[in-house]
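> What follows is target.cif, made up of mmCIF, C-alpha atoms and all ligand atoms:
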data_data
loop_
_atom_site.label_atom_id
_atom_site.label_comp_id
_atom_site.auth_asym_id
_atom_site.auth_seq_id
_atom_site.Cartn_x
_atom_site.Cartn_y
_atom_site.Cartn_z
CA MET P 296 11.53 13.55 8.15
CA ASN P 297 8.88 12.42 10.57
CA PRO P 298 10.30 9.81 12.98
CA ASP P 299 6.90 8.44 13.95
CA LEU P 300 5.76 7.92 10.39
CA ASP P 301 9.16 6.54 9.40
CA GLU P 302 8.87 4.01 12.19
CA ARG P 303 5.32 3.15 11.18
CA ALA P 304 6.33 2.69 7.53
CA ARG P 305 9.16 0.35 8.47
CA ALA P 306 6.77 -1.59 10.72
CA ILE P 307 4.36 -2.03 7.78
CA LEU P 308 7.07 -3.47 5.54
CA VAL P 309 8.18 -5.81 8.31
CA ALA P 310 4.60 -6.86 9.12
CA ASN P 311 3.83 -7.54 5.45
CA ASP P 312 6.97 -9.68 5.10
CA ARG P 313 5.95 -13.32 4.72
CA GLY P 314 9.51 -14.64 4.79
CA GLY P 315 11.56 -13.39 1.84
CA TYR P 316 8.63 -11.86 0.04
CA THR P 317 6.19 -9.10 0.90
CA ILE P 318 2.44 -9.01 0.41
CA PRO P 319 0.81 -5.69 -0.61
CA THR P 320 -1.64 -5.70 2.34
CA ALA P 321 -3.10 -8.42 4.53
CA GLY P 322 -6.55 -9.69 3.55
CA LEU P 323 -7.14 -7.96 0.22
CA TYR P 324 -3.83 -9.02 -1.40
CA PRO P 325 -2.29 -11.99 0.44
CA TYR P 326 0.32 -13.04 -2.17
CA GLN P 327 3.47 -11.67 -3.83
CA TRP P 328 2.52 -9.14 -6.50
CA ASN P 329 5.10 -8.27 -9.13
CA TRP P 330 5.47 -4.50 -9.17
CA ASP P 331 4.45 -4.16 -5.53
CA SER P 332 7.33 -6.45 -4.65
CA ALA P 333 9.81 -4.40 -6.69
CA LEU P 334 8.67 -1.24 -4.88
CA ALA P 335 8.97 -3.09 -1.56
CA ALA P 336 12.62 -3.79 -2.37
CA TRP P 337 13.22 -0.06 -2.80
CA GLY P 338 11.53 0.57 0.57
CA PHE P 339 13.60 -2.10 2.33
CA SER P 340 16.78 -0.61 0.87
CA SER P 341 16.31 2.36 3.22
CA PHE P 342 16.84 0.21 6.34
CA ASP P 343 17.61 -3.43 5.50
CA ILE P 344 19.65 -3.80 2.34
CA ASP P 345 19.95 -7.57 2.55
CA ARG P 346 16.18 -7.89 2.75
CA ALA P 347 15.84 -5.56 -0.25
CA TRP P 348 17.92 -7.88 -2.42
CA THR P 349 16.02 -10.93 -1.14
CA GLU P 350 12.73 -9.37 -2.27
CA LEU P 351 14.00 -9.00 -5.85
CA GLU P 352 15.46 -12.49 -5.74
CA THR P 353 12.22 -14.15 -4.66
CA LEU P 354 10.28 -12.20 -7.29
CA LEU P 355 12.59 -13.41 -10.04
CA ASP P 356 12.57 -16.95 -8.66
CA GLY P 357 9.04 -17.07 -10.00
CA GLN P 358 10.17 -16.44 -13.57
CA TRP P 359 8.69 -18.81 -16.14
CA ASP P 360 10.90 -20.73 -18.59
CA SER P 361 9.58 -18.40 -21.29
CA GLY P 362 11.11 -15.44 -19.44
CA MET P 363 7.83 -13.98 -18.20
CA VAL P 364 7.70 -12.89 -14.58
CA PRO P 365 4.10 -13.42 -13.42
CA HIS P 366 1.96 -10.71 -11.92
CA ILE P 367 1.16 -12.81 -8.83
CA LEU P 368 3.19 -15.58 -7.19
CA PHE P 369 1.01 -17.83 -5.06
CA ARG P 370 3.50 -19.07 -2.50
CA ALA P 371 1.14 -20.11 0.28
CA HIS P 372 -2.50 -20.81 -0.32
CA ASP P 373 -4.88 -18.21 1.09
CA PRO P 374 -8.58 -18.76 0.41
CA SER P 375 -9.36 -15.09 1.16
CA TYR P 376 -8.27 -14.14 -2.39
CA PHE P 377 -10.07 -14.77 -5.66
CA PRO P 378 -9.03 -15.68 -8.38
CA GLY P 379 -6.41 -17.88 -6.73
CA PRO P 380 -3.97 -20.52 -7.98
CA ASP P 381 -6.65 -23.08 -8.82
CA VAL P 382 -8.34 -20.60 -11.16
CA TRP P 383 -5.17 -19.56 -12.99
CA SER P 384 -3.81 -23.15 -13.29
CA SER P 385 -0.31 -22.08 -14.30
CA GLY P 386 1.22 -25.51 -13.77
CA THR P 387 4.42 -23.82 -12.53
CA THR P 388 6.30 -23.85 -9.22
CA PRO P 389 5.51 -21.67 -7.41
CA SER P 390 2.08 -21.50 -8.96
CA SER P 391 1.28 -18.10 -10.38
CA SER P 392 -1.01 -16.05 -12.52
CA GLY P 393 -0.57 -16.38 -16.29
CA ILE P 394 0.07 -12.72 -17.13
CA THR P 395 2.74 -10.23 -16.18
CA GLN P 396 2.78 -6.69 -14.74
CA PRO P 397 4.70 -3.48 -15.51
CA PRO P 398 8.44 -4.31 -15.39
CA VAL P 399 9.56 -1.79 -12.83
CA ALA P 400 11.92 -4.33 -11.19
CA ALA P 401 15.07 -3.41 -13.15
CA SER P 402 14.63 0.24 -12.15
CA MET P 403 14.15 -0.74 -8.52
CA ALA P 404 17.19 -3.06 -8.71
CA ARG P 405 19.25 -0.11 -9.88
CA LEU P 406 18.03 1.99 -6.95
CA VAL P 407 18.80 -0.81 -4.51
CA TRP P 408 22.25 -1.17 -6.04
CA GLU P 409 22.87 2.56 -5.79
CA ALA P 410 22.09 2.24 -2.08
CA ASP P 411 24.58 -0.64 -1.82
CA ILE P 412 27.06 0.20 -4.53
CA ASP P 413 30.08 -1.59 -3.07
CA GLN P 414 28.52 -4.78 -1.74
CA GLY P 415 25.64 -5.14 -4.17
CA ARG P 416 27.58 -6.17 -7.25
CA ALA P 417 27.47 -9.93 -6.69
CA ARG P 418 23.74 -9.90 -6.06
CA VAL P 419 22.91 -7.71 -9.04
CA ALA P 420 25.10 -9.88 -11.26
CA LYS P 421 22.76 -12.81 -10.54
CA LEU P 422 19.61 -10.79 -11.09
CA PHE P 423 20.77 -9.11 -14.28
CA PRO P 424 20.37 -12.06 -16.72
CA LYS P 425 16.90 -12.80 -15.36
CA LEU P 426 15.82 -9.20 -15.79
CA GLN P 427 17.25 -9.13 -19.31
CA THR P 428 15.42 -12.35 -20.19
CA TRP P 429 12.18 -10.86 -18.90
CA HIS P 430 12.63 -7.69 -20.95
CA ARG P 431 13.44 -9.84 -24.00
CA TRP P 432 10.21 -11.73 -23.42
CA PHE P 433 8.35 -8.38 -23.34
CA MET P 434 9.95 -7.30 -26.61
CA GLN P 435 9.04 -10.61 -28.28
CA HIS P 436 5.61 -11.26 -26.84
CA ARG P 437 4.09 -7.94 -25.88
CA VAL P 438 5.39 -5.42 -28.44
CA ARG P 439 3.60 -4.69 -31.69
CA GLU P 440 4.04 -1.56 -33.86
CA GLY P 441 6.83 -0.66 -31.45
CA ALA P 442 4.32 -0.24 -28.63
CA VAL P 443 3.91 -2.36 -25.50
CA ALA P 444 0.50 -4.01 -25.34
CA VAL P 445 -1.32 -5.67 -22.47
CA THR P 446 -3.43 -8.80 -22.85
CA HIS P 447 -5.53 -8.24 -19.74
CA PRO P 448 -6.31 -4.99 -17.89
CA TRP P 449 -4.64 -6.55 -14.82
CA GLU P 450 -1.41 -6.79 -16.81
CA SER P 451 -1.25 -2.98 -16.89
CA GLY P 452 -1.45 -2.79 -13.08
CA ARG P 453 -4.07 -0.06 -13.56
CA ASP P 454 -6.80 -2.63 -13.43
CA ASN P 455 -10.04 -0.89 -14.26
CA CYS P 456 -8.96 2.51 -15.52
CA PRO P 457 -11.12 4.02 -18.27
CA ASP P 458 -8.27 3.47 -20.73
CA TRP P 459 -9.52 -0.12 -21.10
CA ASP P 460 -13.22 0.63 -21.54
CA ILE P 461 -13.26 0.28 -25.34
CA GLY P 462 -11.39 -3.03 -25.21
CA MET P 463 -13.58 -4.32 -22.40
CA ALA P 464 -16.76 -3.29 -24.23
CA ALA P 465 -15.90 -5.76 -26.99
CA ILE P 466 -15.94 -8.68 -24.54
CA ASP P 467 -19.01 -10.75 -23.82
CA GLY P 468 -18.81 -11.62 -20.13
CA SER P 469 -22.20 -13.32 -19.96
CA GLY P 470 -20.87 -16.89 -20.14
CA VAL P 471 -18.51 -16.61 -17.22
CA GLY P 472 -20.50 -18.84 -14.87
CA PRO P 473 -20.83 -18.52 -11.11
CA TYR P 474 -17.97 -17.28 -8.95
CA GLU P 475 -17.55 -15.54 -5.64
CA ARG P 476 -15.55 -12.36 -5.41
CA ARG P 477 -13.48 -11.84 -2.28
CA ASP P 478 -12.23 -8.28 -2.79
CA THR P 479 -15.59 -6.72 -1.93
CA GLY P 480 -15.55 -8.51 1.44
CA HIS P 481 -12.36 -6.64 2.39
CA VAL P 482 -13.10 -3.09 1.23
CA ASP P 483 -16.10 -0.92 0.36
CA PRO P 484 -17.63 -2.31 -2.88
CA SER P 485 -18.24 1.23 -4.18
CA MET P 486 -14.45 1.61 -4.46
CA ARG P 487 -13.95 -1.62 -6.41
CA PRO P 488 -14.58 -2.63 -10.04
CA THR P 489 -18.18 -3.36 -10.93
CA ARG P 490 -19.68 -6.83 -11.43
CA GLU P 491 -19.80 -6.34 -15.23
CA GLN P 492 -16.13 -5.47 -15.26
CA TYR P 493 -15.30 -8.49 -13.14
CA ASP P 494 -17.22 -10.85 -15.47
CA ARG P 495 -15.07 -9.59 -18.33
CA PHE P 496 -11.82 -9.82 -16.36
CA LEU P 497 -12.60 -13.48 -15.75
CA THR P 498 -13.63 -14.11 -19.35
CA ILE P 499 -10.20 -12.95 -20.52
CA LEU P 500 -8.50 -15.01 -17.81
CA TYR P 501 -10.37 -18.20 -18.82
CA TRP P 502 -9.45 -17.64 -22.47
CA GLY P 503 -5.73 -17.57 -21.61
CA ARG P 504 -6.03 -20.59 -19.36
CA ASN P 505 -7.78 -22.53 -22.14
CA VAL P 506 -4.76 -22.04 -24.42
CA ALA P 507 -2.38 -22.96 -21.56
CA TRP P 508 -1.08 -19.38 -21.44
CA ASP P 509 0.43 -19.59 -24.91
CA ALA P 510 1.72 -16.02 -25.31
CA GLU P 511 1.62 -16.03 -29.09
CA ARG P 512 -1.96 -17.29 -29.31
CA ILE P 513 -3.06 -14.75 -26.75
CA MET P 514 -1.42 -11.95 -28.74
CA ALA P 515 -2.83 -13.22 -32.04
CA ASP P 516 -6.39 -14.09 -31.06
CA GLY P 517 -7.03 -13.28 -27.41
CA PRO P 518 -10.12 -11.29 -26.50
CA PHE P 519 -8.21 -8.23 -25.24
CA LEU P 520 -5.14 -6.50 -26.64
CA MET P 521 -4.45 -2.85 -26.01
CA ALA P 522 -1.32 -0.74 -26.29
CA ASP P 523 -0.62 0.70 -22.84
CA PRO P 524 1.34 3.95 -22.47
CA GLY P 525 1.98 3.14 -18.78
CA THR P 526 3.69 -0.20 -19.36
CA HIS P 527 5.40 1.19 -22.46
CA PHE P 528 7.06 3.99 -20.50
CA ILE P 529 7.93 1.76 -17.56
CA LEU P 530 9.68 -0.68 -19.88
CA MET P 531 11.52 2.18 -21.60
CA ARG P 532 12.77 3.48 -18.29
CA ALA P 533 13.60 -0.04 -17.08
CA ASN P 534 15.60 -0.68 -20.26
CA GLU P 535 17.67 2.45 -19.56
CA ASP P 536 18.32 1.23 -16.03
CA LEU P 537 19.11 -2.29 -17.25
CA ALA P 538 21.56 -0.88 -19.80
CA TRP P 539 23.18 1.15 -17.01
CA MET P 540 23.57 -2.02 -14.96
CA ALA P 541 24.99 -3.84 -17.99
CA ARG P 542 27.69 -1.22 -18.38
CA GLN P 543 28.52 -1.30 -14.68
CA LEU P 544 28.86 -5.07 -14.87
CA GLY P 545 30.99 -4.92 -18.01
CA GLU P 546 28.23 -6.55 -20.10
CA ASP P 547 27.26 -5.58 -23.62
CA ASP P 548 24.27 -3.21 -23.65
CA LYS P 549 23.68 -3.33 -27.42
CA GLU P 550 20.63 -5.61 -27.39
CA ILE P 551 19.00 -3.40 -24.76
CA MET P 552 19.72 -0.20 -26.66
CA ASP P 553 18.25 -1.79 -29.81
CA TRP P 554 15.07 -2.43 -27.85
CA GLN P 555 15.08 1.22 -26.85
CA SER P 556 15.13 2.32 -30.49
CA ILE P 557 12.09 0.16 -31.18
CA LEU P 558 10.17 1.56 -28.22
CA LYS P 559 11.15 5.15 -28.98
CA GLY P 560 9.79 4.62 -32.50
CA GLY P 561 6.61 3.14 -31.01
CA CYS P 562 5.85 6.34 -29.09
CA ASP P 563 4.25 7.74 -32.26
CA PHE P 564 1.82 4.82 -32.32
CA ILE P 565 0.44 5.71 -28.90
CA TRP P 566 0.41 9.48 -29.43
CA ASN P 567 -3.18 10.61 -30.00
CA GLU P 568 -2.86 13.87 -31.89
CA ALA P 569 -6.54 14.74 -31.45
CA LEU P 570 -6.20 14.38 -27.68
CA GLY P 571 -2.76 15.96 -27.56
CA ALA P 572 -1.51 13.18 -25.30
CA TYR P 573 -0.31 9.61 -25.16
CA ASP P 574 -3.31 7.33 -25.17
CA ALA P 575 -4.15 3.63 -24.88
CA ARG P 576 -5.06 2.03 -28.19
CA ASP P 577 -7.01 -1.07 -29.13
CA MET P 578 -4.62 -3.19 -31.19
CA ARG P 579 -7.46 -5.08 -32.89
CA SER P 580 -9.38 -2.07 -34.20
CA GLY P 581 -6.66 0.59 -34.09
CA ALA P 582 -9.01 2.88 -32.13
CA PHE P 583 -7.65 5.18 -29.46
CA ALA P 584 -9.25 5.11 -26.01
CA GLY P 585 -9.51 8.91 -25.96
CA VAL P 586 -8.64 8.95 -22.25
CA LEU P 587 -6.10 11.07 -20.43
CA GLY P 588 -4.77 8.70 -17.79
CA SER P 589 -1.86 8.49 -15.38
CA GLY P 590 -0.15 5.99 -17.71
CA ALA P 591 0.49 8.87 -20.11
CA MET P 592 2.14 10.88 -17.32
CA LEU P 593 4.78 8.19 -17.00
CA ALA P 594 6.18 9.66 -20.24
CA TYR P 595 8.16 12.03 -18.02
CA TYR P 596 9.66 9.02 -16.27
CA ALA P 597 10.78 7.61 -19.64
CA ASP P 598 12.08 10.94 -20.93
CA ALA P 599 9.47 10.76 -23.69
CA ALA P 600 7.19 13.66 -22.75
CA ARG P 601 6.04 16.07 -25.47
CA PRO P 602 5.15 19.75 -24.90
CA ALA P 603 1.41 19.20 -25.42
CA LEU P 604 1.40 16.85 -22.44
CA ASP P 605 2.44 19.64 -20.06
CA ALA P 606 -0.87 21.44 -20.52
CA HIS P 607 -2.86 18.29 -19.73
CA LEU P 608 -0.69 17.59 -16.71
CA MET P 609 -1.36 21.01 -15.22
CA ARG P 610 -5.05 21.12 -16.17
CA SER P 611 -5.85 17.74 -14.63
CA TRP P 612 -3.64 18.33 -11.59
CA ASP P 613 -4.97 21.81 -10.84
CA ALA P 614 -8.50 20.39 -10.78
CA VAL P 615 -7.71 18.36 -7.64
CA ARG P 616 -6.10 18.98 -4.26
CA TYR P 617 -3.93 15.85 -4.03
CA GLY P 618 -2.32 14.94 -7.35
CA LEU P 619 -2.07 13.11 -9.54
CA PRO P 620 -5.50 11.87 -10.49
CA SER P 621 -5.42 8.48 -12.24
CA SER P 622 -7.83 9.78 -14.83
CA ASP P 623 -8.98 13.14 -16.11
CA PRO P 624 -11.07 14.96 -13.44
CA GLU P 625 -12.91 16.84 -16.17
CA ALA P 626 -14.04 13.69 -18.00
CA ALA P 627 -17.41 11.99 -17.52
CA HIS P 628 -15.81 8.72 -16.38
CA PHE P 629 -13.96 10.39 -13.48
CA ASP P 630 -14.79 8.71 -10.18
CA PRO P 631 -12.58 9.96 -7.32
CA ARG P 632 -12.82 6.88 -5.11
CA ARG P 633 -13.28 4.02 -7.53
CA TYR P 634 -10.20 2.03 -8.28
CA TRP P 635 -8.04 3.65 -11.00
CA ARG P 636 -10.91 5.76 -12.34
CA GLY P 637 -9.77 8.91 -10.58
CA PRO P 638 -7.89 8.29 -7.30
CA ALA P 639 -4.24 9.21 -6.69
CA TRP P 640 -1.71 6.40 -6.17
CA PRO P 641 1.30 7.39 -4.04
CA PHE P 642 3.73 4.91 -5.61
CA LEU P 643 2.87 6.07 -9.13
CA ASN P 644 3.46 9.62 -7.97
CA ALA P 645 6.93 8.57 -6.83
CA LEU P 646 7.78 7.35 -10.33
CA ILE P 647 6.24 10.35 -12.10
CA ALA P 648 8.01 12.76 -9.74
CA ARG P 649 11.34 11.18 -10.61
CA GLY P 650 10.45 11.82 -14.24
CA LEU P 651 9.44 15.43 -13.58
CA ALA P 652 12.68 16.07 -11.71
CA MET P 653 14.65 14.46 -14.52
CA SER P 654 12.87 16.69 -17.04
CA GLY P 655 13.98 19.80 -15.15
CA LYS P 656 10.56 20.31 -13.53
CA GLN P 657 11.90 20.36 -9.98
CA GLN P 658 9.13 22.50 -8.57
CA LEU P 659 6.46 20.19 -9.89
CA ALA P 660 8.31 17.17 -8.54
CA GLU P 661 8.40 18.85 -5.15
CA ARG P 662 4.72 19.79 -5.31
CA LEU P 663 3.84 16.17 -6.04
CA ARG P 664 5.99 14.97 -3.15
CA ARG P 665 4.40 17.46 -0.76
CA GLU P 666 0.84 16.62 -1.76
CA THR P 667 1.55 12.89 -1.47
CA ALA P 668 3.20 13.37 1.93
CA GLU P 669 0.22 15.40 3.16
CA ALA P 670 -2.25 12.73 2.09
CA ILE P 671 -0.21 10.09 3.95
CA GLU P 672 0.26 12.27 7.04
CA GLN P 673 -3.48 12.83 7.25
CA GLY P 674 -4.79 9.46 6.13
CA GLY P 675 -2.10 6.87 6.81
CA PHE P 676 -0.43 4.39 4.49
CA SER P 677 -3.48 3.55 2.41
CA GLU P 678 -3.55 1.92 -0.98
CA TYR P 679 -4.74 5.13 -2.66
CA PHE P 680 -6.43 8.48 -1.98
CA ASP P 681 -9.38 10.50 -3.14
CA PRO P 682 -7.57 13.29 -5.03
CA ILE P 683 -10.21 15.89 -4.17
CA ASP P 684 -10.41 15.60 -0.39
CA GLY P 685 -7.57 13.20 0.45
CA THR P 686 -9.81 10.48 1.92
CA PRO P 687 -7.74 7.30 2.31
CA CYS P 688 -9.21 4.47 0.21
CA GLY P 689 -8.72 0.76 -0.53
CA GLY P 690 -6.57 -1.45 1.66
CA PRO P 691 -4.78 -0.11 4.78
CA ASP P 692 -1.08 -0.45 5.76
CA PHE P 693 -0.05 -0.83 2.17
CA THR P 694 3.47 -1.97 1.34
CA TRP P 695 4.27 0.33 -1.59
CA THR P 696 2.81 3.39 0.13
CA ALA P 697 5.11 2.69 3.10
CA ALA P 698 8.02 2.02 0.71
CA ILE P 699 7.74 5.32 -1.12
CA TRP P 700 7.35 7.19 2.15
CA LEU P 701 10.75 5.91 3.26
CA THR P 702 12.47 6.55 -0.07
CA TRP P 703 10.74 9.66 -1.39
CA ALA P 704 7.60 11.22 0.09
CA GLY P 705 8.93 11.48 3.64
CA LEU P 706 12.36 12.81 2.68
CA GLY P 707 12.36 16.15 0.92
CA PRO P 708 12.95 17.44 -2.61
CA THR P 709 13.31 14.71 -5.24
CA PRO P 710 16.84 14.44 -6.63
CA SER P 711 17.00 14.55 -10.42
C1 LIG C 1 -4.42 -4.08 -7.70
C2 LIG C 1 -3.69 -3.00 -8.48
C3 LIG C 1 -2.36 -3.53 -8.94
C4 LIG C 1 -1.58 -4.03 -7.74
C5 LIG C 1 -2.38 -4.99 -6.88
C6 LIG C 1 -1.71 -5.27 -5.55
O1 LIG C 1 -4.71 -5.17 -8.47
O2 LIG C 1 -4.45 -2.53 -9.54
O3 LIG C 1 -1.63 -2.55 -9.61
O4 LIG C 1 -0.39 -4.63 -8.15
O5 LIG C 1 -3.63 -4.45 -6.59
O6 LIG C 1 -1.44 -4.08 -4.88
#
What do you get writing this file as structure tokens?
Ligand code: GLC

Amino acid sequence: MNPDLDERARAILVANDRGGYTIPTAGLYPYQWNWDSALAAWGFSSFDIDRAWTELETLLDGQWDSGMVPHILFRAHDPSYFPGPDVWSSGTTPSSSGITQPPVAASMARLVWEADIDQGRARVAKLFPKLQTWHRWFMQHRVREGAVAVTHPWESGRDNCPDWDIGMAAIDGSGVGPYERRDTGHVDPSMRPTREQYDRFLTILYWGRNVAWDAERIMADGPFLMADPGTHFILMRANEDLAWMARQLGEDDKEIMDWQSILKGGCDFIWNEALGAYDARDMRSGAFAGVLGSGAMLAYYADAARPALDAHLMRSWDAVRYGLPSSDPEAAHFDPRRYWRGPAWPFLNALIARGLAMSGKQQLAERLRRETAEAIEQGGFSEYFDPIDGTPCGGPDFTWTAAIWLTWAGLGPTPS
């Protein structure tokens, strides 16, 4: 406990509140982002339970008729962000992006409910069918070979990690036309994705927009389709939490448990035996990325870890001072300050630590909490940190960094 930092973290959540929904950080990310918002709800549950429920409610208010919950909800126009609502052209209200993000919301809803077990029932009862519809959409429109695939690197939430390099290399970004990035006006360009990467991000976006975000066409013919261990494990864990909520509510959990069998079977598809780890995989060519990334470490969070993963976890972690690196510090692509190509993300640590604790690795969970807390104590509530020297990077006063401080990093040993 550190009263000053606790106070500061609460102030960040309150300052980033735009009236029922929270932005990740002012300037760089001025809208409601999907998994950021779910994490914000968890943070709010530590001091304002009503506001925590509202966050989940506004997120799910943006659900499409198809069941998808978009990765960004554009509730109030802010020209400081690109690509904005006019570029995505979702045609929905509120307008939104046309892709989703890792479905961590059901797991956060469970945590919020556990913090409000007596009063929360009525609110969770309204959220439950929406969450189930979203998970059903995932199972229908994003699962192939039993594995969860992403149709855009942004859908994984780990936007430019090396996991996507082989899929991105297959894309010709040369016809993208002129555009003006806004992200590099807010933070140091050396920390952000490169111009070539951005051209390809937009090429994939335009392809989806041109087919009016038809999920089946995007899966069948879209320019990018890669199995993502990170989203796979988050959905597995979220299904467990959704099934738990179903049982508490007296609902049938059979459909959800059937999904779990499919995803458990799909773990083999994303296990790269040569690497000895879970690995992203190009669904078009079948090729593995050959990258040890933080998505694989979410296997602990889904109770799907395999012994060979332990060695990689320790090797990559011991190579840095502030775990966990978002990609392998011993690989050529490692870049300690560039977005998702090396840095440590506090909120991802919170999820992985829960997994480590659940897997009986209490000491490792505690080490991860301590290292995350130290980085925050020294550098503030930044978006992410250089895992070698702890330098705070990206946007400041970040919602999910504040949220996990209040619910995990600032507290003490992680409960299993
Ligand atoms: C970046 C991250 C993504 C996050 C968003 C807002 O795009 O890669 O995971 O949701 O920023 O914080």
> Just the residues within 6 Å of Trp429 of chain P, please, counting only C-alpha atoms, with nothing from its chain fewer than 2 positions along; format it as JSON, numbers by chain.
{"P": [362, 363, 426, 427, 431, 432]}
> Can I get the residues close to ligand LIG 1 (chain C) as an mmCIF file with C-alpha atoms, in the frame of the given file, where close means within 9 Å and we count all atoms listed in the file?

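Saved as out09.cif:
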data_model
loop_
_atom_site.group_PDB
_atom_site.id
_atom_site.type_symbol
_atom_site.label_atom_id
_atom_site.label_comp_id
_atom_site.auth_asym_id
_atom_site.auth_seq_id
_atom_site.Cartn_x
_atom_site.Cartn_y
_atom_site.Cartn_z
ATOM 1 C CA ILE P 318 2.440 -9.010 0.410
ATOM 2 C CA PRO P 319 0.810 -5.690 -0.610
ATOM 3 C CA THR P 320 -1.640 -5.700 2.340
ATOM 4 C CA LEU P 323 -7.140 -7.960 0.220
ATOM 5 C CA TYR P 324 -3.830 -9.020 -1.400
ATOM 6 C CA TYR P 326 0.320 -13.040 -2.170
ATOM 7 C CA GLN P 327 3.470 -11.670 -3.830
ATOM 8 C CA TRP P 328 2.520 -9.140 -6.500
ATOM 9 C CA ASN P 329 5.100 -8.270 -9.130
ATOM 10 C CA TRP P 330 5.470 -4.500 -9.170
ATOM 11 C CA ASP P 331 4.450 -4.160 -5.530
ATOM 12 C CA SER P 332 7.330 -6.450 -4.650
ATOM 13 C CA HIS P 366 1.960 -10.710 -11.920
ATOM 14 C CA ILE P 367 1.160 -12.810 -8.830
ATOM 15 C CA GLN P 396 2.780 -6.690 -14.740
ATOM 16 C CA PRO P 397 4.700 -3.480 -15.510
ATOM 17 C CA PRO P 448 -6.310 -4.990 -17.890
ATOM 18 C CA TRP P 449 -4.640 -6.550 -14.820
ATOM 19 C CA GLU P 450 -1.410 -6.790 -16.810
ATOM 20 C CA SER P 451 -1.250 -2.980 -16.890
ATOM 21 C CA GLY P 452 -1.450 -2.790 -13.080
ATOM 22 C CA ARG P 453 -4.070 -0.060 -13.560
ATOM 23 C CA ASP P 454 -6.800 -2.630 -13.430
ATOM 24 C CA ASN P 455 -10.040 -0.890 -14.260
ATOM 25 C CA TYR P 634 -10.200 2.030 -8.280
ATOM 26 C CA TRP P 635 -8.040 3.650 -11.000
ATOM 27 C CA GLU P 678 -3.550 1.920 -0.980
ATOM 28 C CA GLY P 690 -6.570 -1.450 1.660
ATOM 29 C CA PHE P 693 -0.050 -0.830 2.170
ATOM 30 C CA THR P 694 3.470 -1.970 1.340
ATOM 31 C CA TRP P 695 4.270 0.330 -1.590
#
> Please report the interatomic distance between atom CA of Glu440 of chain P and atom CA of Ile565 of chain P in Å with one decimal.
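For atom CA of Glu440 of chain P relative to atom CA of Ile565 of chain P, the distance reads 9.5 Å.
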> To one decimal place in Å, what is the distance between atom CA of Ala668 of chain P and atom CA of Asp623 of chain P?
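These atoms are spaced 21.8 Å apart.
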> My list of candidates is P:Gly480, P:Ser384, P:Gly545, P:Glu352. Which is closest to Asn505 of chain P when distances are computed with only C-alpha atoms?
P:Ser384
> Can you work out the spacing between atom CA of Gly705 of chain P and atom CA of Tyr679 of chain P in Å, to one decimal?
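Atom CA of Gly705 of chain P sits 16.3 Å away from atom CA of Tyr679 of chain P.
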> Of the residues P:His430, P:Arg495, P:Arg490, P:Arg370, which is the one nearest to His447 of chain P, using only C-alpha atoms?
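Ranked by minimum distance to His447 of chain P, first place goes to P:Arg495.
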> Have a look at P:Asp483, P:Asp373, P:Asp548, P:Asp458 and name the one nearest to Gly525 of chain P; count all atoms listed in the file.
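The answer is P:Asp458, which sits nearest to Gly525 of chain P.
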> Using all atoms listed in the file, pick whichever of P:Thr526, P:Gln673, P:Thr702, P:Ser621 has the shortest atom-to-atom distance to Leu334 of chain P.
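Distance minimum relative to Leu334 of chain P lands on P:Thr702.
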> Report as an mmCIF file with C-alpha atoms, in the frame of the given file all protein, DNA and RNA residues lying within 12 Å of segment 577-581 of chain P, evaluated on only C-alpha atoms, omitting residues in the same chain fewer than 5 positions from it.

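Result saved to out15.cif:
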data_model
loop_
_atom_site.group_PDB
_atom_site.id
_atom_site.type_symbol
_atom_site.label_atom_id
_atom_site.label_comp_id
_atom_site.auth_asym_id
_atom_site.auth_seq_id
_atom_site.Cartn_x
_atom_site.Cartn_y
_atom_site.Cartn_z
ATOM 1 C CA ARG P 437 4.090 -7.940 -25.880
ATOM 2 C CA VAL P 438 5.390 -5.420 -28.440
ATOM 3 C CA ARG P 439 3.600 -4.690 -31.690
ATOM 4 C CA GLU P 440 4.040 -1.560 -33.860
ATOM 5 C CA GLY P 441 6.830 -0.660 -31.450
ATOM 6 C CA ALA P 442 4.320 -0.240 -28.630
ATOM 7 C CA VAL P 443 3.910 -2.360 -25.500
ATOM 8 C CA ALA P 444 0.500 -4.010 -25.340
ATOM 9 C CA VAL P 445 -1.320 -5.670 -22.470
ATOM 10 C CA THR P 446 -3.430 -8.800 -22.850
ATOM 11 C CA HIS P 447 -5.530 -8.240 -19.740
ATOM 12 C CA PRO P 448 -6.310 -4.990 -17.890
ATOM 13 C CA ASP P 458 -8.270 3.470 -20.730
ATOM 14 C CA TRP P 459 -9.520 -0.120 -21.100
ATOM 15 C CA ASP P 460 -13.220 0.630 -21.540
ATOM 16 C CA ILE P 461 -13.260 0.280 -25.340
ATOM 17 C CA GLY P 462 -11.390 -3.030 -25.210
ATOM 18 C CA MET P 463 -13.580 -4.320 -22.400
ATOM 19 C CA ALA P 464 -16.760 -3.290 -24.230
ATOM 20 C CA ALA P 465 -15.900 -5.760 -26.990
ATOM 21 C CA MET P 514 -1.420 -11.950 -28.740
ATOM 22 C CA ALA P 515 -2.830 -13.220 -32.040
ATOM 23 C CA ASP P 516 -6.390 -14.090 -31.060
ATOM 24 C CA GLY P 517 -7.030 -13.280 -27.410
ATOM 25 C CA PRO P 518 -10.120 -11.290 -26.500
ATOM 26 C CA PHE P 519 -8.210 -8.230 -25.240
ATOM 27 C CA LEU P 520 -5.140 -6.500 -26.640
ATOM 28 C CA MET P 521 -4.450 -2.850 -26.010
ATOM 29 C CA ALA P 522 -1.320 -0.740 -26.290
ATOM 30 C CA ASP P 523 -0.620 0.700 -22.840
ATOM 31 C CA PRO P 524 1.340 3.950 -22.470
ATOM 32 C CA PHE P 564 1.820 4.820 -32.320
ATOM 33 C CA ILE P 565 0.440 5.710 -28.900
ATOM 34 C CA ASN P 567 -3.180 10.610 -30.000
#
